[in-house]
file upload.txt (compact mmCIF, C-alpha atoms and all ligand atoms)
# COMPACT_ATOMS: atom_id res chain seq x y z
CA MET X 170 98.34 38.08 15.86
CA THR X 171 94.71 37.10 15.40
CA THR X 172 92.66 39.19 12.97
CA HIS X 173 89.68 40.81 14.62
CA TYR X 174 86.15 41.02 13.15
CA ASP X 175 82.89 42.42 14.41
CA VAL X 176 81.09 39.23 13.43
CA ALA X 177 82.25 35.70 12.55
CA VAL X 178 79.69 33.42 10.87
CA ILE X 179 80.32 29.67 10.77
CA GLY X 180 78.57 27.95 7.84
CA GLY X 181 78.15 29.08 4.23
CA GLY X 182 74.64 27.73 3.64
CA ILE X 183 71.68 30.04 3.25
CA VAL X 184 71.34 30.68 7.01
CA GLY X 185 74.99 31.72 7.34
CA LEU X 186 74.82 33.84 4.19
CA ALA X 187 71.63 35.58 5.33
CA ASN X 188 73.11 36.44 8.70
CA ALA X 189 76.39 37.61 7.15
CA TRP X 190 74.37 39.93 4.90
CA MET X 191 72.32 41.34 7.80
CA ALA X 192 75.57 42.05 9.65
CA ALA X 193 77.13 43.68 6.57
CA LYS X 194 74.04 45.86 6.17
CA ARG X 195 74.91 47.26 9.61
CA ASN X 196 78.38 48.17 8.32
CA LEU X 197 80.00 45.51 10.47
CA LYS X 198 83.24 43.79 9.51
CA VAL X 199 82.18 40.20 8.78
CA LEU X 200 84.07 36.91 8.41
CA LEU X 201 82.25 33.86 7.00
CA LEU X 202 83.85 30.44 7.35
CA GLU X 203 82.68 27.42 5.34
CA ARG X 204 84.36 24.04 5.65
CA THR X 205 83.85 22.86 2.06
CA SER X 206 85.19 24.47 -1.11
CA VAL X 207 81.66 25.48 -2.07
CA ALA X 208 78.55 25.02 0.08
CA GLN X 209 77.25 21.46 -0.42
CA GLY X 210 74.60 21.12 2.28
CA ALA X 211 70.83 21.46 2.12
CA SER X 212 71.14 24.89 0.49
CA VAL X 213 72.32 23.38 -2.81
CA ARG X 214 70.22 20.19 -2.68
CA ASN X 215 66.74 21.74 -2.63
CA PHE X 216 64.08 22.63 -5.21
CA GLY X 217 64.94 26.34 -5.22
CA MET X 218 61.35 27.10 -4.29
CA ILE X 219 60.80 30.34 -2.40
CA TRP X 220 57.40 29.34 -1.06
CA PRO X 221 55.53 31.93 1.09
CA VAL X 222 52.17 30.23 0.41
CA GLY X 223 53.28 27.35 2.63
CA GLN X 224 53.63 29.53 5.72
CA PRO X 225 50.64 30.04 8.02
CA ALA X 226 49.00 33.46 8.05
CA GLY X 227 50.49 35.85 10.59
CA GLU X 228 54.09 36.28 11.66
CA LEU X 229 55.54 33.36 9.68
CA HIS X 230 53.89 34.37 6.42
CA ASP X 231 55.06 37.95 7.01
CA ILE X 232 58.63 36.69 7.54
CA ALA X 233 58.39 34.70 4.30
CA LEU X 234 57.29 37.81 2.40
CA ARG X 235 60.13 39.85 4.00
CA SER X 236 62.50 37.10 2.87
CA ARG X 237 61.02 37.19 -0.61
CA ASN X 238 61.83 40.91 -0.77
CA TYR X 239 65.45 40.16 0.09
CA TRP X 240 65.64 37.61 -2.74
CA LEU X 241 64.27 40.28 -5.10
CA GLU X 242 66.85 42.74 -3.76
CA LEU X 243 69.63 40.25 -4.52
CA SER X 244 68.30 39.81 -8.02
CA GLU X 245 68.03 43.56 -8.63
CA ALA X 246 71.60 43.95 -7.38
CA GLY X 247 72.74 41.41 -9.99
CA ALA X 248 73.82 38.87 -7.39
CA ILE X 249 71.56 36.04 -8.60
CA ASP X 250 69.00 35.19 -11.25
CA LEU X 251 65.45 34.36 -10.24
CA GLU X 252 62.01 33.86 -11.72
CA THR X 253 58.81 35.21 -10.17
CA CYS X 254 57.07 32.07 -11.34
CA GLY X 255 54.19 31.64 -8.87
CA SER X 256 52.82 28.24 -7.94
CA LEU X 257 50.02 25.80 -8.65
CA HIS X 258 48.56 23.42 -6.08
CA LEU X 259 46.82 20.80 -8.20
CA ALA X 260 43.72 18.93 -7.04
CA HIS X 261 43.07 15.53 -8.63
CA ASN X 262 40.62 14.40 -5.93
CA ASP X 263 37.43 15.95 -4.57
CA ASP X 264 38.81 16.16 -1.02
CA GLU X 265 41.89 18.03 -2.30
CA TRP X 266 39.65 20.45 -4.16
CA ALA X 267 37.57 20.97 -0.99
CA VAL X 268 40.73 21.99 0.90
CA LEU X 269 41.72 24.40 -1.87
CA GLU X 270 38.24 25.95 -1.90
CA GLU X 271 38.33 26.45 1.87
CA PHE X 272 41.81 27.94 1.69
CA ALA X 273 40.89 30.32 -1.13
CA SER X 274 37.74 31.44 0.71
CA LEU X 275 39.90 32.76 3.58
CA GLY X 276 41.05 35.47 1.20
CA THR X 277 44.26 36.00 3.18
CA PHE X 278 46.96 35.13 0.63
CA GLY X 279 45.58 36.71 -2.55
CA VAL X 280 45.28 33.28 -4.11
CA GLN X 281 42.90 32.27 -6.88
CA LEU X 282 41.09 29.07 -7.85
CA LEU X 283 41.53 27.91 -11.46
CA THR X 284 39.38 25.63 -13.58
CA PRO X 285 41.07 22.61 -15.18
CA ALA X 286 41.36 24.47 -18.50
CA GLU X 287 42.83 27.57 -16.82
CA THR X 288 45.26 25.36 -14.90
CA CYS X 289 46.53 23.63 -18.03
CA GLU X 290 47.03 27.02 -19.66
CA ARG X 291 49.47 27.95 -16.89
CA SER X 292 51.70 24.91 -17.39
CA PRO X 293 52.04 22.18 -20.02
CA LEU X 294 53.35 19.90 -17.27
CA VAL X 295 49.93 19.57 -15.60
CA ASN X 296 48.26 16.18 -16.02
CA PRO X 297 44.69 16.99 -17.14
CA VAL X 298 43.36 13.49 -16.40
CA GLY X 299 41.06 13.69 -13.37
CA LEU X 300 42.03 17.30 -12.70
CA CYS X 301 39.48 19.19 -10.52
CA GLY X 302 41.36 22.48 -10.75
CA ALA X 303 44.18 24.28 -8.96
CA LEU X 304 45.04 27.00 -6.51
CA TRP X 305 47.14 29.73 -8.12
CA SER X 306 49.45 31.83 -5.97
CA ASP X 307 51.71 34.48 -7.46
CA SER X 308 54.07 34.95 -4.50
CA GLU X 309 56.42 32.05 -5.22
CA ILE X 310 59.89 32.51 -6.72
CA ARG X 311 62.39 30.15 -8.31
CA VAL X 312 66.09 30.48 -7.59
CA HIS X 313 68.74 28.13 -8.92
CA PRO X 314 69.58 25.94 -5.93
CA ARG X 315 72.89 24.67 -7.30
CA THR X 316 74.37 28.13 -7.80
CA ALA X 317 72.51 30.61 -5.57
CA SER X 318 74.62 30.11 -2.42
CA ALA X 319 77.94 30.42 -4.27
CA LYS X 320 76.71 33.51 -6.12
CA ILE X 321 75.51 35.17 -2.91
CA ALA X 322 78.87 34.44 -1.24
CA HIS X 323 80.65 35.96 -4.24
CA TRP X 324 78.42 39.05 -4.12
CA LEU X 325 78.89 39.46 -0.36
CA THR X 326 82.65 39.34 -0.92
CA GLU X 327 82.69 41.74 -3.87
CA THR X 328 80.14 44.33 -2.77
CA GLN X 329 79.50 43.97 0.97
CA ASN X 330 83.09 43.56 2.14
CA VAL X 331 82.39 40.18 3.72
CA ASP X 332 85.51 38.04 4.08
CA CYS X 333 84.29 34.60 2.88
CA ARG X 334 86.75 31.77 3.43
CA PHE X 335 86.08 28.30 2.10
CA LYS X 336 87.86 25.00 2.90
CA THR X 337 87.93 26.23 6.49
CA PRO X 338 86.40 23.81 8.99
CA VAL X 339 85.86 25.39 12.39
CA VAL X 340 86.69 22.98 15.18
CA GLY X 341 86.20 25.16 18.24
CA ILE X 342 85.19 28.46 19.80
CA ASP X 343 87.18 29.69 22.76
CA ASP X 344 86.74 32.92 24.68
CA GLY X 345 85.67 35.05 21.71
CA GLU X 346 87.94 33.29 19.23
CA VAL X 347 87.03 30.98 16.38
CA ILE X 348 89.51 28.15 15.83
CA ALA X 349 89.97 26.47 12.43
CA ALA X 350 91.21 22.91 11.91
CA ASP X 351 94.68 24.18 10.92
CA GLY X 352 94.94 26.13 14.19
CA THR X 353 94.22 29.58 12.72
CA ARG X 354 92.27 31.79 15.11
CA TRP X 355 90.14 34.85 14.51
CA SER X 356 88.59 36.97 17.25
CA ALA X 357 85.11 38.45 16.90
CA GLU X 358 82.69 40.49 18.97
CA LYS X 359 79.87 38.17 17.95
CA ILE X 360 80.12 34.59 16.72
CA LEU X 361 77.23 32.95 14.86
CA VAL X 362 77.01 29.18 14.48
CA CYS X 363 74.97 28.35 11.34
CA SER X 364 76.09 24.75 10.90
CA GLY X 365 72.96 23.33 9.29
CA SER X 366 72.59 19.61 9.93
CA ASP X 367 75.99 19.26 11.65
CA LEU X 368 74.92 18.98 15.28
CA GLN X 369 78.10 17.24 16.43
CA THR X 370 81.12 19.47 15.83
CA LEU X 371 80.30 22.65 17.75
CA TYR X 372 78.19 22.69 20.94
CA PRO X 373 77.01 19.05 20.66
CA ASP X 374 75.76 19.28 24.26
CA VAL X 375 73.42 22.17 23.34
CA PHE X 376 72.14 20.31 20.29
CA ALA X 377 71.60 17.08 22.27
CA THR X 378 68.93 18.78 24.40
CA SER X 379 67.61 21.19 21.74
CA GLY X 380 64.73 19.11 20.42
CA LEU X 381 66.17 19.43 16.89
CA LYS X 382 65.45 16.56 14.52
CA LEU X 383 67.28 15.57 11.36
CA CYS X 384 65.26 14.92 8.22
CA LYS X 385 66.43 13.18 5.03
CA LEU X 386 64.73 13.93 1.69
CA GLN X 387 65.19 11.95 -1.54
CA MET X 388 65.14 13.95 -4.77
CA LEU X 389 65.20 13.27 -8.52
CA LYS X 390 65.94 15.29 -11.63
CA SER X 391 64.50 14.36 -15.02
CA VAL X 392 66.35 14.65 -18.29
CA SER X 393 65.71 17.86 -20.23
CA GLN X 394 62.16 18.27 -21.55
CA PRO X 395 62.49 19.99 -24.93
CA GLY X 396 60.38 23.01 -25.80
CA LEU X 397 59.26 24.07 -22.35
CA PRO X 398 58.55 27.80 -21.97
CA SER X 399 60.48 29.71 -19.30
CA ASN X 400 59.05 30.90 -15.99
CA LEU X 401 56.73 27.92 -15.50
CA PRO X 402 55.06 27.88 -12.09
CA HIS X 403 56.19 25.49 -9.38
CA ILE X 404 53.79 22.57 -9.08
CA ALA X 405 52.56 21.02 -5.84
CA SER X 406 50.14 18.12 -5.58
CA GLY X 407 47.12 17.46 -3.40
CA LEU X 408 49.46 15.34 -1.24
CA THR X 409 51.38 18.53 -0.48
CA LEU X 410 48.38 19.97 1.36
CA ARG X 411 49.27 17.55 4.21
CA HIS X 412 52.74 19.01 4.39
CA TYR X 413 52.53 22.80 4.77
CA ALA X 414 51.17 24.45 7.91
CA SER X 415 49.22 27.06 5.97
CA PHE X 416 46.54 24.48 5.10
CA GLU X 417 46.01 23.30 8.70
CA VAL X 418 43.16 25.83 9.06
CA CYS X 419 41.08 24.03 6.40
CA PRO X 420 38.39 21.78 7.97
CA SER X 421 38.50 19.29 5.06
CA LEU X 422 42.21 18.60 5.49
CA GLN X 423 41.54 15.85 8.05
CA GLN X 424 39.37 13.95 5.56
CA LEU X 425 42.17 14.14 2.99
CA LYS X 426 44.74 12.96 5.55
CA THR X 427 42.48 10.07 6.56
CA ARG X 428 42.06 8.94 2.95
CA ILE X 429 45.82 8.91 2.37
CA ALA X 430 46.44 7.09 5.65
CA GLU X 431 43.85 4.41 4.81
CA GLN X 432 44.43 3.98 1.05
CA THR X 433 48.17 4.64 0.67
CA PRO X 434 49.85 4.33 4.09
CA GLU X 435 53.21 3.89 2.35
CA LEU X 436 53.12 7.62 1.53
CA ASP X 437 52.77 8.52 5.21
CA ARG X 438 55.46 6.00 6.16
CA TYR X 439 58.04 7.80 4.03
CA GLY X 440 56.56 11.31 4.33
CA ILE X 441 55.99 11.48 0.57
CA HIS X 442 54.26 14.38 -1.12
CA VAL X 443 55.16 15.40 -4.64
CA MET X 444 56.34 18.68 -6.14
CA ALA X 445 58.02 19.72 -9.38
CA SER X 446 60.12 22.68 -10.43
CA THR X 447 62.02 23.40 -13.63
CA PHE X 448 65.77 23.81 -14.08
CA PRO X 449 67.09 26.36 -16.58
CA GLN X 450 67.86 23.72 -19.23
CA GLY X 451 64.37 22.22 -19.02
CA GLN X 452 65.09 19.42 -16.55
CA ILE X 453 62.47 18.99 -13.85
CA ILE X 454 63.41 18.69 -10.17
CA LEU X 455 61.10 16.14 -8.55
CA GLY X 456 60.56 15.14 -4.95
CA ASP X 457 60.25 14.47 -2.09
CA SER X 458 60.21 12.16 0.93
CA HIS X 459 60.83 12.75 4.65
CA GLU X 460 62.62 10.30 6.96
CA TYR X 461 63.64 11.34 10.46
CA ASP X 462 66.51 10.70 12.88
CA GLU X 463 67.08 6.94 13.39
CA ALA X 464 65.33 6.12 10.09
CA ILE X 465 68.05 8.03 8.20
CA THR X 466 70.65 5.88 6.46
CA PRO X 467 73.33 6.83 3.89
CA PHE X 468 71.57 4.61 1.35
CA ASP X 469 68.80 5.88 -0.89
CA SER X 470 65.74 3.70 -1.32
CA THR X 471 64.53 2.76 -4.80
CA GLU X 472 61.16 1.97 -3.20
CA ILE X 473 60.85 5.64 -2.20
CA ASP X 474 61.92 6.85 -5.65
CA ASP X 475 59.38 4.53 -7.28
CA LEU X 476 56.58 5.73 -4.98
CA MET X 477 57.40 9.36 -5.74
CA LEU X 478 57.39 8.65 -9.47
CA ARG X 479 54.09 6.74 -9.16
CA GLU X 480 52.46 9.78 -7.51
CA LEU X 481 54.13 12.28 -9.84
CA ARG X 482 52.75 10.51 -12.91
CA LYS X 483 49.25 11.07 -11.51
CA VAL X 484 49.70 14.85 -11.38
CA ILE X 485 52.20 15.86 -14.07
CA CYS X 486 53.06 14.79 -17.63
CA LEU X 487 56.64 14.63 -18.87
CA ASN X 488 57.64 13.84 -22.44
CA ASP X 489 60.55 11.82 -21.08
CA TRP X 490 60.47 10.30 -17.61
CA GLU X 491 64.12 9.22 -17.72
CA ILE X 492 65.83 10.24 -14.48
CA ALA X 493 69.14 12.01 -14.93
CA GLU X 494 70.13 12.48 -11.27
CA ARG X 495 69.17 11.15 -7.85
CA TRP X 496 70.38 12.58 -4.54
CA HIS X 497 69.32 13.22 -1.00
CA GLY X 498 69.63 16.15 1.36
CA ILE X 499 69.46 16.41 5.12
CA TYR X 500 68.23 19.38 7.09
CA SER X 501 67.73 20.00 10.78
CA LYS X 502 64.32 21.05 12.03
CA HIS X 503 62.73 22.06 15.29
CA PRO X 504 59.16 20.86 15.84
CA GLU X 505 57.99 24.10 17.49
CA VAL X 506 59.98 27.09 16.24
CA PRO X 507 60.85 28.24 12.70
CA ILE X 508 64.55 28.22 13.60
CA PHE X 509 66.35 27.02 16.72
CA SER X 510 68.37 29.72 18.44
CA ALA X 511 70.50 29.59 21.57
CA THR X 512 73.25 31.59 23.24
CA PRO X 513 75.55 28.94 24.73
CA GLU X 514 78.01 31.55 25.96
CA PRO X 515 78.15 35.36 25.84
CA ASN X 516 78.17 36.74 22.28
CA VAL X 517 77.86 33.30 20.66
CA HIS X 518 74.57 32.71 18.86
CA ILE X 519 73.45 29.38 17.41
CA LEU X 520 70.98 29.62 14.50
CA VAL X 521 70.12 26.28 12.94
CA GLY X 522 67.12 24.26 11.83
CA PRO X 523 64.84 26.18 9.47
CA GLY X 524 63.59 22.77 8.32
CA GLY X 525 62.00 22.43 4.91
CA ALA X 526 61.56 26.17 4.46
CA GLY X 527 65.09 27.48 4.87
CA MET X 528 65.34 28.93 1.37
CA THR X 529 61.99 30.64 1.87
CA MET X 530 62.52 31.95 5.39
CA SER X 531 66.23 32.52 6.06
CA PHE X 532 66.56 36.17 5.12
CA GLY X 533 63.44 37.14 7.09
CA LEU X 534 64.50 35.03 10.05
CA ALA X 535 67.98 36.58 9.99
CA GLU X 536 66.45 40.06 9.87
CA ARG X 537 64.27 39.21 12.89
CA ALA X 538 67.23 37.72 14.80
CA TRP X 539 69.36 40.81 14.19
CA ASN X 540 66.57 43.18 15.15
CA GLN X 541 65.46 41.32 18.26
CA THR X 542 68.54 39.62 19.72
CA ILE X 543 71.90 39.60 17.96
CA GLY X 544 71.96 43.26 17.02
CA ALA X 545 70.34 44.36 20.27
CA THR X 546 73.10 43.08 22.59
C1 LIG W 601 66.07 18.04 -0.59
C2 LIG W 601 65.69 19.36 0.03
C3 LIG W 601 64.75 20.17 -0.61
C4 LIG W 601 64.40 21.39 -0.04
N1 LIG W 601 63.62 22.26 -0.75
C5 LIG W 601 63.42 23.51 -0.27
C6 LIG W 601 62.76 24.47 -1.06
O1 LIG W 601 62.46 24.25 -2.23
N2 LIG W 601 62.45 25.68 -0.49
C7 LIG W 601 62.83 25.98 0.78
O2 LIG W 601 62.50 27.06 1.27
N3 LIG W 601 63.59 25.13 1.51
C8 LIG W 601 63.89 23.91 1.01
N4 LIG W 601 64.63 23.03 1.73
C9 LIG W 601 65.15 23.45 3.03
C10 LIG W 601 66.41 24.30 2.88
O3 LIG W 601 67.21 23.82 1.82
C11 LIG W 601 67.19 24.29 4.20
O4 LIG W 601 66.33 24.69 5.27
C12 LIG W 601 68.36 25.26 4.18
O5 LIG W 601 69.13 25.08 3.03
C13 LIG W 601 69.22 25.08 5.42
O6 LIG W 601 70.27 26.00 5.32
P1 LIG W 601 71.46 25.96 6.36
O7 LIG W 601 72.35 27.08 6.05
O8 LIG W 601 70.91 25.86 7.75
O9 LIG W 601 72.16 24.54 6.13
P2 LIG W 601 73.20 24.06 5.02
O10 LIG W 601 72.82 24.49 3.67
O11 LIG W 601 73.36 22.60 5.24
O12 LIG W 601 74.52 24.85 5.37
C14 LIG W 601 75.29 24.60 6.53
C15 LIG W 601 76.73 24.84 6.14
O13 LIG W 601 77.53 24.89 7.32
C16 LIG W 601 78.75 24.29 7.00
N5 LIG W 601 79.37 23.89 8.28
C17 LIG W 601 78.81 23.08 9.22
N6 LIG W 601 79.64 22.96 10.26
C18 LIG W 601 80.76 23.70 9.97
C19 LIG W 601 81.97 23.95 10.66
N7 LIG W 601 82.22 23.41 11.86
N8 LIG W 601 82.90 24.76 10.08
C20 LIG W 601 82.64 25.32 8.86
N9 LIG W 601 81.51 25.10 8.16
C21 LIG W 601 80.58 24.29 8.73
C22 LIG W 601 78.38 23.12 6.10
O14 LIG W 601 79.49 22.69 5.34
C23 LIG W 601 77.28 23.72 5.28
O15 LIG W 601 77.74 24.27 4.06
C24 LIG W 601 64.97 21.79 1.20
C25 LIG W 601 65.90 20.96 1.84
C26 LIG W 601 66.26 19.76 1.26
C27 LIG W 601 67.29 18.90 1.96

call {"tool": "encode", "arguments": {"input": "upload.txt", "output": "structure tokens"}}
result
Amino acid sequence: MTTHYDVAVIGGGIVGLANAWMAAKRNLKVLLLERTSVAQGASVRNFGMIWPVGQPAGELHDIALRSRNYWLELSEAGAIDLETCGSLHLAHNDDEWAVLEEFASLGTFGVQLLTPAETCERSPLVNPVGLCGALWSDSEIRVHPRTASAKIAHWLTETQNVDCRFKTPVVGIDDGEVIAADGTRWSAEKILVCSGSDLQTLYPDVFATSGLKLCKLQMLKSVSQPGLPSNLPHIASGLTLRHYASFEVCPSLQQLKTRIAEQTPELDRYGIHVMASTFPQGQIILGDSHEYDEAITPFDSTEIDDLMLRELRKVICLNDWEIAERWHGIYSKHPEVPIFSATPEPNVHILVGPGGAGMTMSFGLAERAWNQTIGAT
């Protein structure tokens, strides 16, 4: 006898969790299957930055704000802890400041320009040397990346009646049934494949022609910095302005990109821009780099770590720069859409590839998918 569900979700990262929640909100009977004992993919390896300011004005920024509301809802329900910390984009060069001025003048995101003194008041981590000022945005949130996914899964189980099963690799889907590695089968009206960067186990033929790319990011965590206040804003550097689509509308961005390309091409080679966020015990998460597809190896590069630290020292001050942890994460990303979706067979939906904004966007993207496609069929 196979057990029957309304919805089976494969993958316990943030995309799978978000879609399981949207299904549960519709009073559907949901099964979530995760192959590891606790999610270990991109959803636990990130900065924990919920980052609406990085999304371009319009639909994507709206989705980010919808997602933000879902994070707040989870916090109010006691599922997770979060901080409404806001963010600072620091400018240590005139061309970076020009981009921030142009962005602030659009008036679309409710952001604010800060003087160097005002910037340093917001965070003791800011390096005041050469500081032109900063862009303040209050929409950003911090969640704890190492624990958020597990806590959401626990909450979905306890309060939303979602049947979450870990240590359950799914090896096939056959005629409305999900098949686990041990041969167990479950039937479901709808099956959602949220397999993250695994593009080989299920529907490899669909992924091969999807246009999805894999991206590897190197990350660092400092030792604890004593005496830091709580709720410090996330920090992004002028280099970050090259990275997020929201700044593409600024005419001065090209000049900034040209300077980096000419003066420090090694940063473009490894896709380096630098950001910092605090951990609850005062450690600072630092990153990151971007290497794609064939450039990805299992081995982390000390050259990349050293370049990140070189750039970080220009924009932030730490009492102790000793590095406590180094790791990398891999996400899948589509160059044109905020998440890749496909229906390889009736009632099977693939949802993978939110790229570098999956923590920010996944709840809003899941809401949109359920409203427009999954829930409508
Ligand atoms: C280093 C790094 C920093 C980042 N920082 C941020 C940030 O600060 N803010 C932000 O918004 N985004 C950030 N991102 C992006 C974000 O983390 C990802 O977009 C998001 O976590 C992807 O979620 P996912 O569920 O698609 O993938 P994953 O988290 O990788 O989850 C996929 C899950 O599916 C499971 N799975 C796969 N195949 C099977 C199978 N056959 N059977 C059962 N289970 C299966 C895997 O075990 C895995 O747990 C960052 C990413 C990285 C790597």

call {"tool": "residues_around", "arguments": {"input": "upload.txt", "residues": "region 279-283 of chain X", "least_positions_apart": "2", "cutoff": "7 Å", "atoms": "all atoms listed in the file", "output": "list in words"}}
result
Ala273, Gly276, Thr277, Pro285, Glu287, Thr288, Gly302, Ala303, Leu304, Trp305 and Ser306 of chain X

call {"tool": "closest_atom_pairs", "arguments": {"input": "upload.txt", "of": "region 417-527 of chain X", "to": "region 382-389 of chain X", "cutoff": "6 Å", "atoms": "only C-alpha atoms", "output": "tab-separated table"}}
result
residue	atom	partner	partner_atom	distance
X:Ile454	CA	X:Leu389	CA	5.9
X:Leu455	CA	X:Leu389	CA	5.0
X:Gly456	CA	X:Met388	CA	4.7
X:Asp457	CA	X:Gln387	CA	5.6
X:Ser458	CA	X:Leu386	CA	4.9
X:His459	CA	X:Leu386	CA	5.0
X:Glu460	CA	X:Lys385	CA	5.2
X:Tyr461	CA	X:Cys384	CA	4.5
X:Asp462	CA	X:Leu383	CA	5.2
X:Glu494	CA	X:Leu389	CA	5.7
X:Arg495	CA	X:Leu389	CA	4.6
X:Trp496	CA	X:Met388	CA	5.4
X:His497	CA	X:Gln387	CA	4.4
X:Gly498	CA	X:Leu386	CA	5.4
X:Ile499	CA	X:Lys385	CA	4.4
X:Tyr500	CA	X:Cys384	CA	5.5
X:Ser501	CA	X:Leu383	CA	4.5
X:Lys502	CA	X:Lys382	CA	5.3

call {"tool": "residues_near_point", "arguments": {"input": "upload.txt", "point": "(71.7, 29.0, -8.2)", "cutoff": "9 Å", "atoms": "only C-alpha atoms", "output": "list in words"}}
result
Val213, Gly217, Ile249, Asp250, Leu251, Val312, His313, Pro314, Arg315, Thr316, Ala317, Ser318, Ala319, Lys320 and Ile321 of chain X

call {"tool": "closest_residue", "arguments": {"input": "upload.txt", "among": "X:Gln452, X:Ser510, X:Ser256, X:Thr529", "to": "Gln541 (chain X)", "atoms": "all atoms listed in the file"}}
result
X:Ser510

call {"tool": "closest_atom_pairs", "arguments": {"input": "upload.txt", "of": "region 472-540 of chain X", "to": "region 183-205 of chain X", "cutoff": "10 Å", "atoms": "only C-alpha atoms", "output": "CSV"}}
result
residue,atom,partner,partner_atom,distance
X:Ile508,CA,X:Val184,CA,9.8
X:Leu520,CA,X:Val184,CA,7.6
X:Val521,CA,X:Val184,CA,7.5
X:Gly522,CA,X:Val184,CA,9.1
X:Pro523,CA,X:Val184,CA,8.3
X:Gly527,CA,X:Ile183,CA,7.3
X:Met528,CA,X:Ile183,CA,6.7
X:Thr529,CA,X:Ile183,CA,9.8
X:Met530,CA,X:Val184,CA,9.1
X:Ser531,CA,X:Val184,CA,5.5
X:Phe532,CA,X:Ala187,CA,5.1
X:Gly533,CA,X:Ala187,CA,8.5
X:Leu534,CA,X:Ala187,CA,8.6
X:Ala535,CA,X:Asn188,CA,5.3
X:Glu536,CA,X:Met191,CA,6.4
X:Arg537,CA,X:Met191,CA,9.8
X:Ala538,CA,X:Asn188,CA,8.6
X:Trp539,CA,X:Met191,CA,7.1
X:Asn540,CA,X:Met191,CA,9.5

call {"tool": "residues_around", "arguments": {"input": "upload.txt", "residues": "Pro515 (chain X)", "least_positions_apart": "4", "cutoff": "10 Å", "atoms": "all atoms listed in the file", "output": "MDAnalysis selection string"}}
result
chainID X and resid 344:345 358:360 546

call {"tool": "residues_around", "arguments": {"input": "upload.txt", "residues": "Gly407 (chain X)", "least_positions_apart": "2", "cutoff": "7 Å", "atoms": "all atoms listed in the file", "output": "compact mmCIF listing (two decimals) with C-alpha atoms, keeping the file's coordinate frame"}}
result
# COMPACT_ATOMS: atom_id res chain seq x y z
CA HIS X 258 48.56 23.42 -6.08
CA LEU X 259 46.82 20.80 -8.20
CA ALA X 260 43.72 18.93 -7.04
CA HIS X 261 43.07 15.53 -8.63
CA GLU X 265 41.89 18.03 -2.30
CA ALA X 405 52.56 21.02 -5.84
CA THR X 409 51.38 18.53 -0.48
CA LEU X 410 48.38 19.97 1.36

call {"tool": "closest_residue", "arguments": {"input": "upload.txt", "among": "X:Lys336, X:Arg235, X:His323, X:His503", "to": "ligand LIG 601 (chain W)", "atoms": "all atoms listed in the file"}}
result
X:Lys336

call {"tool": "atom_distance", "arguments": {"input": "upload.txt", "atom1": "CA of Gly525 (chain X)", "atom2": "CA of Tyr239 (chain X)"}}
result
18.7 Å

call {"tool": "residues_around", "arguments": {"input": "upload.txt", "residues": "Phe416 (chain X)", "least_positions_apart": "4", "cutoff": "12 Å", "atoms": "all atoms listed in the file", "output": "ChimeraX atom specification"}}
result
/X:222-226,258,265,267-273,275,277-278,304,407-412,420-423,425-426

call {"tool": "closest_residue", "arguments": {"input": "upload.txt", "among": "X:Cys289, X:Ala464, X:Ala208, X:Val392", "to": "ligand LIG 601 (chain W)", "atoms": "all atoms listed in the file"}}
result
X:Ala208

call {"tool": "closest_residue", "arguments": {"input": "upload.txt", "among": "X:Val178, X:Thr512, X:Pro293, X:His173", "to": "Phe376 (chain X)", "atoms": "all atoms listed in the file"}}
result
X:Thr512
